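Source file: final.txt; contents: compact mmCIF, C-alpha atoms.
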```txt
# COMPACT_ATOMS: atom_id res chain seq x y z
CA MET M 163 -6.15 25.71 -17.96
CA ILE M 164 -5.11 24.00 -14.73
CA LYS M 165 -7.76 21.29 -14.80
CA GLU M 166 -6.45 20.15 -18.21
CA GLN M 167 -3.38 18.68 -16.47
CA LEU M 168 -5.53 16.50 -14.20
CA LEU M 169 -7.71 15.49 -17.14
CA GLN M 170 -4.70 14.34 -19.18
CA TYR M 171 -3.54 12.32 -16.19
CA VAL M 172 -6.95 10.68 -15.71
CA ARG M 173 -7.29 9.96 -19.44
CA SER M 174 -3.97 8.11 -19.39
CA PHE M 175 -5.80 5.48 -17.28
CA VAL M 176 -9.44 5.55 -18.46
CA ALA M 177 -11.05 6.75 -21.71
CA LEU M 178 -13.55 9.54 -20.96
CA THR M 179 -15.98 11.32 -23.29
CA ASP M 180 -16.04 15.13 -23.16
CA GLU M 181 -19.19 15.02 -21.06
CA GLU M 182 -17.64 12.55 -18.62
CA SER M 183 -14.49 14.66 -18.40
CA GLU M 184 -16.53 17.65 -17.39
CA GLN M 185 -18.43 15.63 -14.81
CA PHE M 186 -15.19 14.25 -13.36
CA LEU M 187 -13.46 17.62 -13.10
CA ALA M 188 -16.41 19.62 -11.76
CA PRO M 189 -15.96 18.84 -8.02
CA PHE M 190 -12.20 19.58 -8.04
CA GLU M 191 -11.21 22.96 -6.56
CA GLU M 192 -8.00 24.84 -7.22
CA VAL M 193 -6.04 25.64 -4.07
CA HIS M 194 -2.85 27.71 -3.79
CA VAL M 195 -0.53 26.77 -0.95
CA LYS M 196 2.51 28.77 0.19
CA LYS M 197 5.83 27.13 1.04
CA ARG M 198 5.83 25.84 4.67
CA GLN M 199 2.02 25.88 4.84
CA PHE M 200 0.35 22.70 6.20
CA ILE M 201 -2.53 21.06 4.34
CA VAL M 202 -2.99 18.22 6.87
CA GLN M 203 -2.23 18.08 10.60
CA PRO M 204 -2.64 15.34 13.22
CA ASN M 205 -6.03 15.09 14.95
CA PHE M 206 -7.83 16.91 12.14
CA THR M 207 -9.61 14.73 9.58
CA ASN M 208 -8.09 14.86 6.10
CA LYS M 209 -11.19 15.90 4.17
CA HIS M 210 -9.67 16.12 0.66
CA ARG M 211 -7.77 14.03 -1.82
CA ALA M 212 -5.34 16.38 -3.58
CA PHE M 213 -3.59 16.25 -6.97
CA VAL M 214 -0.36 18.24 -7.26
CA VAL M 215 -0.54 20.52 -10.31
CA LYS M 216 2.63 22.42 -9.37
CA GLY M 217 4.96 22.29 -6.39
CA ALA M 218 6.14 19.74 -3.85
CA PHE M 219 4.89 18.28 -0.57
CA ARG M 220 6.14 16.10 2.24
CA SER M 221 4.10 13.95 4.63
CA TYR M 222 5.61 12.91 7.96
CA ALA M 223 4.82 11.63 11.43
CA VAL M 224 6.34 13.03 14.61
CA HIS M 225 7.18 10.57 17.39
CA ASP M 226 9.20 11.45 20.52
CA GLY M 227 10.16 14.73 18.88
CA GLN M 228 11.58 13.01 15.78
CA GLU M 229 10.20 13.50 12.26
CA HIS M 230 9.67 10.37 10.13
CA THR M 231 8.94 11.03 6.47
CA LEU M 232 6.35 8.80 4.82
CA GLN M 233 6.08 10.35 1.35
CA PHE M 234 7.01 13.09 -1.06
CA ALA M 235 4.74 14.34 -3.84
CA ILE M 236 5.49 16.56 -6.84
CA GLU M 237 3.58 17.35 -10.05
CA ASN M 238 1.10 14.62 -11.09
CA TRP M 239 1.20 12.84 -7.72
CA TRP M 240 -1.63 12.62 -5.21
CA VAL M 241 -1.08 13.72 -1.64
CA SER M 242 -3.11 12.89 1.47
CA ASP M 243 -3.01 11.13 4.81
CA PHE M 244 -4.59 8.11 3.13
CA ASN M 245 -5.75 6.39 6.35
CA SER M 246 -7.40 9.56 7.53
CA TYR M 247 -8.94 10.27 4.14
CA ILE M 248 -10.45 6.89 3.27
CA TYR M 249 -11.80 6.18 6.77
CA GLN M 250 -12.52 9.85 7.56
CA HIS M 251 -10.70 9.47 10.88
CA PRO M 252 -8.38 12.03 12.50
CA ALA M 253 -5.04 12.29 10.70
CA THR M 254 -1.75 11.10 12.22
CA LEU M 255 0.47 12.88 9.69
CA PHE M 256 1.62 16.39 8.92
CA ILE M 257 1.62 17.34 5.23
CA VAL M 258 3.60 20.47 4.41
CA ALA M 259 4.34 22.35 1.17
CA LEU M 260 8.05 22.33 0.31
CA GLU M 261 7.48 25.01 -2.36
CA ASP M 262 4.72 27.45 -3.35
CA SER M 263 2.26 24.96 -4.83
CA ILE M 264 -1.03 24.52 -6.66
CA LEU M 265 -3.40 21.65 -5.86
CA LEU M 266 -6.64 20.37 -7.34
CA GLN M 267 -8.58 18.88 -4.45
CA ILE M 268 -11.81 16.95 -4.14
CA GLU M 269 -13.87 16.66 -0.98
CA TYR M 270 -14.46 13.11 0.35
CA SER M 271 -18.25 12.95 -0.17
CA ARG M 272 -17.94 14.40 -3.69
CA GLU M 273 -15.47 11.66 -4.57
CA GLN M 274 -17.95 9.02 -3.35
CA GLU M 275 -20.62 10.60 -5.58
CA LEU M 276 -18.28 10.48 -8.59
CA LYS M 277 -17.47 6.80 -8.03
CA LYS M 278 -21.14 5.93 -7.70
CA ALA M 279 -22.16 7.94 -10.76
CA ASN M 280 -19.89 6.32 -13.33
CA HIS M 281 -18.25 2.91 -13.54
CA LYS M 282 -15.19 4.46 -15.27
CA PHE M 283 -14.57 6.83 -12.36
CA GLU M 284 -14.68 3.86 -9.99
CA THR M 285 -12.16 2.11 -12.26
CA PHE M 286 -9.87 5.15 -12.12
CA PHE M 287 -9.79 5.25 -8.32
CA ARG M 288 -9.34 1.46 -8.19
CA ILE M 289 -6.27 1.80 -10.41
CA MET M 290 -4.89 4.62 -8.23
CA ALA M 291 -5.21 2.46 -5.09
CA GLU M 292 -3.70 -0.61 -6.79
CA LYS M 293 -0.71 1.37 -8.11
CA GLY M 294 -0.24 2.86 -4.64
CA LEU M 295 -0.37 -0.54 -2.97
CA ALA M 296 2.08 -2.07 -5.45
CA PHE M 297 4.42 0.90 -4.90
CA GLU M 298 4.38 0.47 -1.11
CA HIS M 299 5.01 -3.28 -1.42
CA ARG M 300 8.05 -2.61 -3.62
CA ARG M 301 9.25 -0.06 -1.09
CA ILE M 302 8.81 -2.36 1.92
CA ILE M 303 10.53 -5.27 0.14
CA PHE M 304 13.41 -3.04 -1.00
CA ASN M 305 13.87 -1.58 2.49
CA LEU M 306 13.77 -5.01 4.14
CA CYS M 307 16.38 -6.38 1.72
CA HIS M 308 18.84 -3.53 1.15
CA SER M 309 21.39 -1.38 2.95
CA ALA M 310 21.01 2.37 3.54
CA GLU M 311 23.40 3.07 0.68
CA ALA M 312 21.43 0.90 -1.76
CA ARG M 313 18.19 2.63 -0.66
CA TYR M 314 19.71 6.01 -1.54
CA GLU M 315 20.98 4.75 -4.94
CA ASN M 316 17.55 3.31 -5.66
CA PHE M 317 15.85 6.61 -4.78
CA ILE M 318 18.12 8.58 -7.14
CA LEU M 319 17.49 6.08 -9.91
CA ASN M 320 13.70 6.03 -9.54
CA PHE M 321 13.02 9.64 -8.49
CA PRO M 322 15.70 11.84 -10.08
CA ASN M 323 13.21 14.75 -10.15
CA PHE M 324 12.82 14.75 -6.38
CA ILE M 325 16.48 14.97 -5.41
CA GLN M 326 16.92 18.72 -5.94
CA ARG M 327 13.56 19.59 -4.42
CA VAL M 328 13.48 17.83 -1.06
CA PRO M 329 15.55 18.93 1.95
CA GLN M 330 18.40 16.60 2.90
CA TYR M 331 17.04 15.92 6.43
CA ALA M 332 13.65 14.95 4.95
CA LEU M 333 15.21 12.60 2.42
CA ALA M 334 17.34 11.03 5.16
CA SER M 335 14.27 10.38 7.30
CA TYR M 336 12.38 8.95 4.27
CA LEU M 337 15.26 6.53 3.70
CA GLY M 338 15.46 5.62 7.40
CA MET M 339 18.92 7.07 8.12
CA THR M 340 20.41 10.11 9.88
CA THR M 341 21.24 13.29 7.96
CA GLU M 342 24.93 12.74 8.79
CA PHE M 343 24.86 9.26 7.30
CA LEU M 344 23.19 10.53 4.11
CA SER M 345 25.89 13.24 3.86
CA ARG M 346 28.60 10.62 4.12
CA ILE M 347 27.00 8.53 1.34
CA ARG M 348 26.68 11.61 -0.88
CA ASN M 349 30.29 12.64 -0.28
CA LYS M 350 31.54 9.15 -1.04
CA LYS M 351 29.61 9.18 -4.32
CA ALA M 352 30.96 12.64 -5.25
CA HIS M 353 34.54 11.44 -4.59
CA ARG M 354 34.04 8.35 -6.71
CA ARG M 355 32.87 10.54 -9.61
CA SER M 356 35.81 13.02 -9.39
CA MET Z 114 -20.08 -24.83 0.70
CA ILE Z 115 -16.65 -23.27 0.41
CA LYS Z 116 -17.65 -20.43 -1.91
CA GLU Z 117 -20.20 -19.27 0.68
CA GLN Z 118 -17.32 -17.99 2.84
CA LEU Z 119 -15.99 -15.79 0.04
CA LEU Z 120 -19.49 -14.58 -0.77
CA GLN Z 121 -20.12 -13.51 2.85
CA TYR Z 122 -16.83 -11.63 2.79
CA VAL Z 123 -17.66 -9.85 -0.49
CA ARG Z 124 -21.17 -9.00 0.71
CA SER Z 125 -19.74 -7.31 3.79
CA PHE Z 126 -18.41 -4.67 1.35
CA VAL Z 127 -20.92 -4.54 -1.52
CA ALA Z 128 -24.60 -5.55 -1.76
CA LEU Z 129 -25.02 -8.25 -4.43
CA THR Z 130 -28.20 -9.85 -5.78
CA ASP Z 131 -28.28 -13.65 -6.02
CA GLU Z 132 -27.58 -13.44 -9.74
CA GLU Z 133 -24.61 -11.13 -9.20
CA SER Z 134 -23.29 -13.39 -6.45
CA GLU Z 135 -23.30 -16.32 -8.83
CA GLN Z 136 -21.59 -14.28 -11.53
CA PHE Z 137 -18.91 -13.11 -9.09
CA LEU Z 138 -18.16 -16.57 -7.70
CA ALA Z 139 -18.18 -18.47 -11.01
CA PRO Z 140 -14.54 -17.80 -12.04
CA PHE Z 141 -13.10 -18.73 -8.61
CA GLU Z 142 -11.51 -22.18 -8.39
CA GLU Z 143 -10.94 -24.19 -5.23
CA VAL Z 144 -7.31 -25.18 -4.72
CA HIS Z 145 -5.90 -27.42 -1.97
CA VAL Z 146 -2.33 -26.68 -0.94
CA LYS Z 147 -0.19 -28.83 1.33
CA LYS Z 148 1.99 -27.39 4.10
CA ARG Z 149 5.37 -26.22 2.69
CA GLN Z 150 4.05 -26.08 -0.88
CA PHE Z 151 4.76 -22.88 -2.85
CA ILE Z 152 1.99 -21.04 -4.69
CA VAL Z 153 4.26 -18.26 -6.02
CA GLN Z 154 7.98 -18.28 -6.81
CA PRO Z 155 10.37 -15.59 -8.12
CA ASN Z 156 10.62 -15.23 -11.91
CA PHE Z 157 7.25 -16.88 -12.53
CA THR Z 158 4.30 -14.54 -13.07
CA ASN Z 159 1.70 -14.64 -10.29
CA LYS Z 160 -1.34 -15.46 -12.42
CA HIS Z 161 -3.96 -15.66 -9.63
CA ARG Z 162 -5.39 -13.59 -6.83
CA ALA Z 163 -6.16 -15.99 -3.98
CA PHE Z 164 -8.58 -15.84 -1.03
CA VAL Z 165 -7.66 -17.97 1.99
CA VAL Z 166 -10.64 -20.16 2.96
CA LYS Z 167 -8.60 -22.22 5.44
CA GLY Z 168 -4.94 -22.30 6.39
CA ALA Z 169 -2.03 -19.88 6.54
CA PHE Z 170 0.55 -18.47 4.14
CA ARG Z 171 3.74 -16.44 4.26
CA SER Z 172 5.22 -14.27 1.48
CA TYR Z 173 8.90 -13.40 1.59
CA ALA Z 174 11.85 -12.20 -0.47
CA VAL Z 175 15.31 -13.75 -0.38
CA HIS Z 176 18.30 -11.42 -0.64
CA ASP Z 177 21.91 -12.48 -0.07
CA GLY Z 178 20.65 -15.76 1.37
CA GLN Z 179 18.45 -14.01 3.96
CA GLU Z 180 14.65 -14.33 4.07
CA HIS Z 181 12.63 -11.12 4.53
CA THR Z 182 8.95 -11.64 5.31
CA LEU Z 183 6.51 -9.24 3.65
CA GLN Z 184 3.15 -10.66 4.73
CA PHE Z 185 1.18 -13.37 6.44
CA ALA Z 186 -2.33 -14.42 5.43
CA ILE Z 187 -4.87 -16.58 7.25
CA GLU Z 188 -8.62 -17.19 6.74
CA ASN Z 189 -10.42 -14.32 4.97
CA TRP Z 190 -7.20 -12.65 3.77
CA TRP Z 191 -6.01 -12.36 0.17
CA VAL Z 192 -2.58 -13.60 -0.75
CA SER Z 193 -0.49 -12.76 -3.83
CA ASP Z 194 2.70 -11.11 -5.01
CA PHE Z 195 0.68 -7.98 -5.69
CA ASN Z 196 3.25 -6.30 -7.98
CA SER Z 197 3.53 -9.42 -10.05
CA TYR Z 198 -0.22 -9.94 -10.16
CA ILE Z 199 -1.45 -6.47 -11.08
CA TYR Z 200 1.26 -5.81 -13.69
CA GLN Z 201 1.52 -9.48 -14.78
CA HIS Z 202 5.31 -9.26 -14.40
CA PRO Z 203 7.58 -11.99 -13.01
CA ALA Z 204 7.25 -12.36 -9.23
CA THR Z 205 9.99 -11.37 -6.79
CA LEU Z 206 8.47 -13.18 -3.81
CA PHE Z 207 8.05 -16.72 -2.57
CA ILE Z 208 4.63 -17.56 -1.12
CA VAL Z 209 4.51 -20.74 0.93
CA ALA Z 210 1.75 -22.56 2.82
CA LEU Z 211 2.42 -22.70 6.58
CA GLU Z 212 -0.38 -25.27 7.03
CA ASP Z 213 -2.49 -27.54 4.80
CA SER Z 214 -4.71 -24.89 3.21
CA ILE Z 215 -7.66 -24.24 0.93
CA LEU Z 216 -7.73 -21.28 -1.47
CA LEU Z 217 -10.31 -19.81 -3.81
CA GLN Z 218 -8.36 -18.30 -6.68
CA ILE Z 219 -9.25 -16.23 -9.72
CA GLU Z 220 -7.15 -15.94 -12.86
CA TYR Z 221 -6.01 -12.42 -13.81
CA SER Z 222 -7.96 -12.07 -17.07
CA ARG Z 223 -11.15 -13.43 -15.45
CA GLU Z 224 -10.85 -10.78 -12.73
CA GLN Z 225 -10.57 -8.06 -15.40
CA GLU Z 226 -13.75 -9.43 -17.03
CA LEU Z 227 -15.59 -9.33 -13.69
CA LYS Z 228 -14.59 -5.73 -13.05
CA LYS Z 229 -15.70 -4.69 -16.52
CA ALA Z 230 -19.00 -6.56 -16.32
CA ASN Z 231 -20.38 -4.98 -13.15
CA HIS Z 232 -19.76 -1.64 -11.47
CA LYS Z 233 -20.21 -3.27 -8.02
CA PHE Z 234 -17.41 -5.76 -8.67
CA GLU Z 235 -15.15 -2.85 -9.62
CA THR Z 236 -16.15 -1.17 -6.35
CA PHE Z 237 -15.26 -4.31 -4.41
CA PHE Z 238 -11.73 -4.54 -5.86
CA ARG Z 239 -11.27 -0.77 -5.36
CA ILE Z 240 -12.12 -1.18 -1.67
CA MET Z 241 -9.70 -4.14 -1.36
CA ALA Z 242 -6.86 -2.06 -2.83
CA GLU Z 243 -7.66 0.99 -0.67
CA LYS Z 244 -7.78 -1.08 2.51
CA GLY Z 245 -4.49 -2.70 1.54
CA LEU Z 246 -2.85 0.64 0.86
CA ALA Z 247 -4.09 2.14 4.14
CA PHE Z 248 -2.78 -0.96 5.98
CA GLU Z 249 0.69 -0.64 4.45
CA HIS Z 250 0.81 3.08 5.27
CA ARG Z 251 -0.02 2.35 8.90
CA ARG Z 252 2.66 -0.35 8.93
CA ILE Z 253 5.36 1.89 7.39
CA ILE Z 254 4.55 4.76 9.77
CA PHE Z 255 4.53 2.44 12.77
CA ASN Z 256 7.85 0.85 11.79
CA LEU Z 257 9.47 4.23 11.16
CA CYS Z 258 8.36 5.55 14.54
CA HIS Z 259 8.68 2.62 16.94
CA SER Z 260 11.21 0.28 18.49
CA ALA Z 261 11.44 -3.45 17.78
CA GLU Z 262 9.73 -4.18 21.11
CA ALA Z 263 6.83 -1.86 20.33
CA ARG Z 264 6.48 -3.46 16.87
CA TYR Z 265 6.10 -6.87 18.51
CA GLU Z 266 3.54 -5.57 21.06
CA ASN Z 267 1.59 -3.96 18.24
CA PHE Z 268 1.57 -7.18 16.22
CA ILE Z 269 0.21 -9.19 19.20
CA LEU Z 270 -2.45 -6.57 19.78
CA ASN Z 271 -3.61 -6.37 16.16
CA PHE Z 272 -3.08 -9.96 15.02
CA PRO Z 273 -3.59 -12.23 18.04
CA ASN Z 274 -4.78 -15.02 15.69
CA PHE Z 275 -1.47 -15.11 13.83
CA ILE Z 276 0.86 -15.54 16.80
CA GLN Z 277 0.35 -19.30 17.30
CA ARG Z 278 0.38 -20.05 13.59
CA VAL Z 279 3.52 -18.40 12.22
CA PRO Z 280 7.03 -19.71 12.91
CA GLN Z 281 9.14 -17.55 15.21
CA TYR Z 282 11.88 -16.91 12.59
CA ALA Z 283 9.23 -15.73 10.10
CA LEU Z 284 7.63 -13.38 12.61
CA ALA Z 285 11.07 -11.99 13.52
CA SER Z 286 11.84 -11.27 9.87
CA TYR Z 287 8.40 -9.66 9.38
CA LEU Z 288 9.12 -7.36 12.33
CA GLY Z 289 12.64 -6.57 11.08
CA MET Z 290 14.60 -8.20 13.91
CA THR Z 291 16.65 -11.38 14.48
CA THR Z 292 15.06 -14.52 15.91
CA GLU Z 293 17.33 -14.18 18.98
CA PHE Z 294 16.08 -10.64 19.61
CA LEU Z 295 12.44 -11.73 19.32
CA SER Z 296 13.14 -14.56 21.80
CA ARG Z 297 14.57 -12.08 24.28
CA ILE Z 298 11.51 -9.82 23.97
CA ARG Z 299 9.18 -12.80 24.48
CA ASN Z 300 11.11 -14.04 27.52
CA LYS Z 301 11.06 -10.58 29.05
CA LYS Z 302 7.29 -10.40 28.60
CA ALA Z 303 6.82 -13.90 30.10
CA HIS Z 304 8.87 -12.89 33.17
CA ARG Z 305 6.87 -9.71 33.63
CA ARG Z 306 3.64 -11.74 33.66
CA SER Z 307 4.87 -14.34 36.19
```
Show me the file's structure as structure tokens.
Amino acid sequence: MIKEQLLQYVRSFVALTDEESEQFLAPFEEVHVKKRQFIVQPNFTNKHRAFVVKGAFRSYAVHDGQEHTLQFAIENWWVSDFNSYIYQHPATLFIVALEDSILLQIEYSREQELKKANHKFETFFRIMAEKGLAFEHRRIIFNLCHSAEARYENFILNFPNFIQRVPQYALASYLGMTTEFLSRIRNKKAHRRS
Amino acid sequence: MIKEQLLQYVRSFVALTDEESEQFLAPFEEVHVKKRQFIVQPNFTNKHRAFVVKGAFRSYAVHDGQEHTLQFAIENWWVSDFNSYIYQHPATLFIVALEDSILLQIEYSREQELKKANHKFETFFRIMAEKGLAFEHRRIIFNLCHSAEARYENFILNFPNFIQRVPQYALASYLGMTTEFLSRIRNKKAHRRS
């Protein structure tokens, strides 16, 4: 059962009784998304927080006709325009499916009800936000301190599962470089190995 | 009383009774820090989360002899090496006082006790983490999409109170540019105004 995957994930952070598990999972809806379909678009409010059960997503901003990738998400990651979701303001990001995907999503007001209903659920969402914040701090520090090549090496090391699943131009824009530059780095690495 | 300032801040996010307020404030200690003193250094674990009552701080990483500024904090901001604090791992950042300052700080294990003891305290720290995460997302998106000049304009617009209090080289490194480049942008702006 699809909700079992989310439950296992949640239970790795907080201990839930069977009754609590049921209460937590109840407001989550299963959504099937086709490759290239958008789940969030600028100017529309991001009404759901979504857990990736299967598939892959990319979030990006478009400025002066250029795409700038903020995040990727695969199985067991959450995906949303977080600013839009937590403040219930219009989104600034596009979020697109990179593969046929399955999500479990919860509507904003239902999440607030969950957090109010049970201290443990509040703890779970606190941990999610803290992990997310720590992740972004590591990313900002790494990007401030390191070259494009080091950023690519670091991505391979930390996210080996993403490499085969995200398009090269999207990865380049995530790492803050052109597609041509990423190609050159990859070719140099391939030569060093051979 | 110094703790009153923290209490007002907390109460702007969660409603606390007088008894709860006392319980929340009890583990916070007042700390006076002189200008140029460090409250966090690399390789030492950041044991406290600190609320700035008065003064200003800067957190930065050093790589290949270069300083890279991650954050500034003035009155009513929190300051820590967040990765070090939430995982209780050795810090990677320096945090230095830019002025003579007063902090209210809580030790890691005491914070965990607070969060366990009262659902509302958990809610408060969840909101802090979510606001922090949304802030960093906005910052990453803005930096990906905009020029150095636009990043400076945006900083002035959003943080007018910081401009007079942070050294020019620190602001330049926060915005990802050289001090010389920031000077040029500032001069250009001054000329446009005159």
Per residue of chain M within 6 Å of chain Z, note the shortest atom pair and the distance in Å to one decimal, counting only C-alpha atoms, and order the rows by chain and increasing residue number, as CSV.
```
residue,atom,partner,partner_atom,distance
M:His225,CA,Z:Cys258,CA,5.9
M:Asn245,CA,Z:Ala247,CA,5.1
M:His281,CA,Z:His232,CA,5.2
M:Arg288,CA,Z:Arg239,CA,4.1
M:Ala291,CA,Z:Glu243,CA,5.3
M:Glu292,CA,Z:Ala242,CA,5.3
M:Leu295,CA,Z:Leu246,CA,4.7
M:Ala296,CA,Z:Asn196,CA,5.1
M:Cys307,CA,Z:His176,CA,5.9
```
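Each of M:Thr207, M:Asn316, M:Gln330, M:Thr179 was compared to Leu344 in chain M using all atoms listed in the file, and M:Gln330 turns out to be the nearest.
For the pair CA of Ser214 in chain Z and CA of Val146 in chain Z, the separation is 5.1 Å.
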With distances taken over all atoms listed in the file, which of M:Ile347, M:Met339, M:Ile236, M:Ala253 is nearest to Phe324 in chain M?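 Checking each candidate against Phe324 in chain M, we get M:Ile236 as the closest.
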Between CA of Arg278 in chain Z and CA of Trp191 in chain Z, what is the spacing in Å?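 Going from CA of Trp191 in chain Z over to CA of Arg278 in chain Z, I get 16.7 Å.
For Val241 in chain M, the set of protein, DNA and RNA residues having any atom at most 9 Å away, when counting only C-alpha atoms and skipping those fewer than 3 positions along the same chain, is Arg211, Ala212, Phe213, Val214, Phe219, Arg220, Ser221, Gln233, Phe234, Ala235, Ile236, Phe244 and Ile257 of chain M.
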Which distance in Å separates CA of Ile268 in chain M and CA of Ala188 in chain M, to one decimal?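 Taking CA of Ile268 in chain M and CA of Ala188 in chain M, their separation equals 9.3 Å.
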My list of candidates is M:Leu333, M:Thr341, M:Tyr270, M:Ser242. Which is closest to Val202 in chain M when distances are computed with all atoms listed in the file?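 Of all the options, M:Ser242 lies closest to Val202 in chain M.
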Would you list the residues near (10.2, 17.1, 3.1) (no more than 6 Å away, in the coordinates of the file, using all atoms listed in the file) as a VMD selection string? chain M and resid 220 328 to 329 332
Provide an axis-aligned box for all listed atoms of range 133-147 of chain Z, padding each side by 5 Å; report its centre and its edge lengths in Å to one decimal, as lines of an AutoDock Vina configuration file.
```
center_x = -12.4
center_y = -20.0
center_z = -5.4
size_x = 34.4
size_y = 27.7
size_z = 23.4
```
Within 6 Å of (9.9, 26.9, 0.5) in the file's own coordinates, which protein, DNA or RNA residues have an atom, counting only C-alpha atoms? List them as an MDAnalysis selection string. chainID M and resid 197:198 260:261
Range 114-159 of chain Z dumped to file, C-alpha atoms, as a PDB file, in the first residue's frame:
```
ATOM      1  CA  MET Z 114      13.895  43.477  31.830  1.00  0.00           C
ATOM      2  CA  ILE Z 115      15.869  41.845  29.057  1.00  0.00           C
ATOM      3  CA  LYS Z 116      13.832  38.639  28.891  1.00  0.00           C
ATOM      4  CA  GLU Z 117      10.706  40.725  28.209  1.00  0.00           C
ATOM      5  CA  GLN Z 118      12.008  41.405  24.686  1.00  0.00           C
ATOM      6  CA  LEU Z 119      12.297  37.693  23.904  1.00  0.00           C
ATOM      7  CA  LEU Z 120       8.894  37.031  25.429  1.00  0.00           C
ATOM      8  CA  GLN Z 121       7.231  39.678  23.235  1.00  0.00           C
ATOM      9  CA  TYR Z 122       8.876  38.106  20.213  1.00  0.00           C
ATOM     10  CA  VAL Z 123       7.711  34.582  21.138  1.00  0.00           C
ATOM     11  CA  ARG Z 124       4.191  35.810  21.900  1.00  0.00           C
ATOM     12  CA  SER Z 125       3.942  37.327  18.431  1.00  0.00           C
ATOM     13  CA  PHE Z 126       3.930  33.707  17.179  1.00  0.00           C
ATOM     14  CA  VAL Z 127       2.252  31.655  19.922  1.00  0.00           C
ATOM     15  CA  ALA Z 128      -0.153  32.613  22.734  1.00  0.00           C
ATOM     16  CA  LEU Z 129       1.416  31.767  26.112  1.00  0.00           C
ATOM     17  CA  THR Z 130      -0.079  31.981  29.600  1.00  0.00           C
ATOM     18  CA  ASP Z 131       2.010  33.689  32.297  1.00  0.00           C
ATOM     19  CA  GLU Z 132       3.038  30.298  33.657  1.00  0.00           C
ATOM     20  CA  GLU Z 133       4.091  29.075  30.215  1.00  0.00           C
ATOM     21  CA  SER Z 134       6.000  32.297  29.601  1.00  0.00           C
ATOM     22  CA  GLU Z 135       7.994  31.730  32.761  1.00  0.00           C
ATOM     23  CA  GLN Z 136       8.671  28.120  31.828  1.00  0.00           C
ATOM     24  CA  PHE Z 137       9.827  29.130  28.347  1.00  0.00           C
ATOM     25  CA  LEU Z 138      12.159  31.896  29.531  1.00  0.00           C
ATOM     26  CA  ALA Z 139      13.706  30.034  32.478  1.00  0.00           C
ATOM     27  CA  PRO Z 140      16.466  28.176  30.560  1.00  0.00           C
ATOM     28  CA  PHE Z 141      17.623  31.289  28.656  1.00  0.00           C
ATOM     29  CA  GLU Z 142      20.811  32.918  29.966  1.00  0.00           C
ATOM     30  CA  GLU Z 143      21.907  36.488  29.387  1.00  0.00           C
ATOM     31  CA  VAL Z 144      25.350  36.767  27.797  1.00  0.00           C
ATOM     32  CA  HIS Z 145      27.318  39.963  27.120  1.00  0.00           C
ATOM     33  CA  VAL Z 146      29.663  39.828  24.148  1.00  0.00           C
ATOM     34  CA  LYS Z 147      32.257  42.436  23.256  1.00  0.00           C
ATOM     35  CA  LYS Z 148      32.814  43.682  19.702  1.00  0.00           C
ATOM     36  CA  ARG Z 149      35.141  41.295  17.776  1.00  0.00           C
ATOM     37  CA  GLN Z 150      34.531  38.440  20.215  1.00  0.00           C
ATOM     38  CA  PHE Z 151      33.631  35.042  18.687  1.00  0.00           C
ATOM     39  CA  ILE Z 152      30.630  33.062  19.924  1.00  0.00           C
ATOM     40  CA  VAL Z 153      31.137  30.141  17.499  1.00  0.00           C
ATOM     41  CA  GLN Z 154      34.308  28.816  15.861  1.00  0.00           C
ATOM     42  CA  PRO Z 155      34.963  25.936  13.426  1.00  0.00           C
ATOM     43  CA  ASN Z 156      35.551  22.492  14.968  1.00  0.00           C
ATOM     44  CA  PHE Z 157      33.818  23.397  18.231  1.00  0.00           C
ATOM     45  CA  THR Z 158      30.190  22.305  18.567  1.00  0.00           C
ATOM     46  CA  ASN Z 159      27.692  25.181  18.650  1.00  0.00           C
TER      47      ASN Z 159
END
```
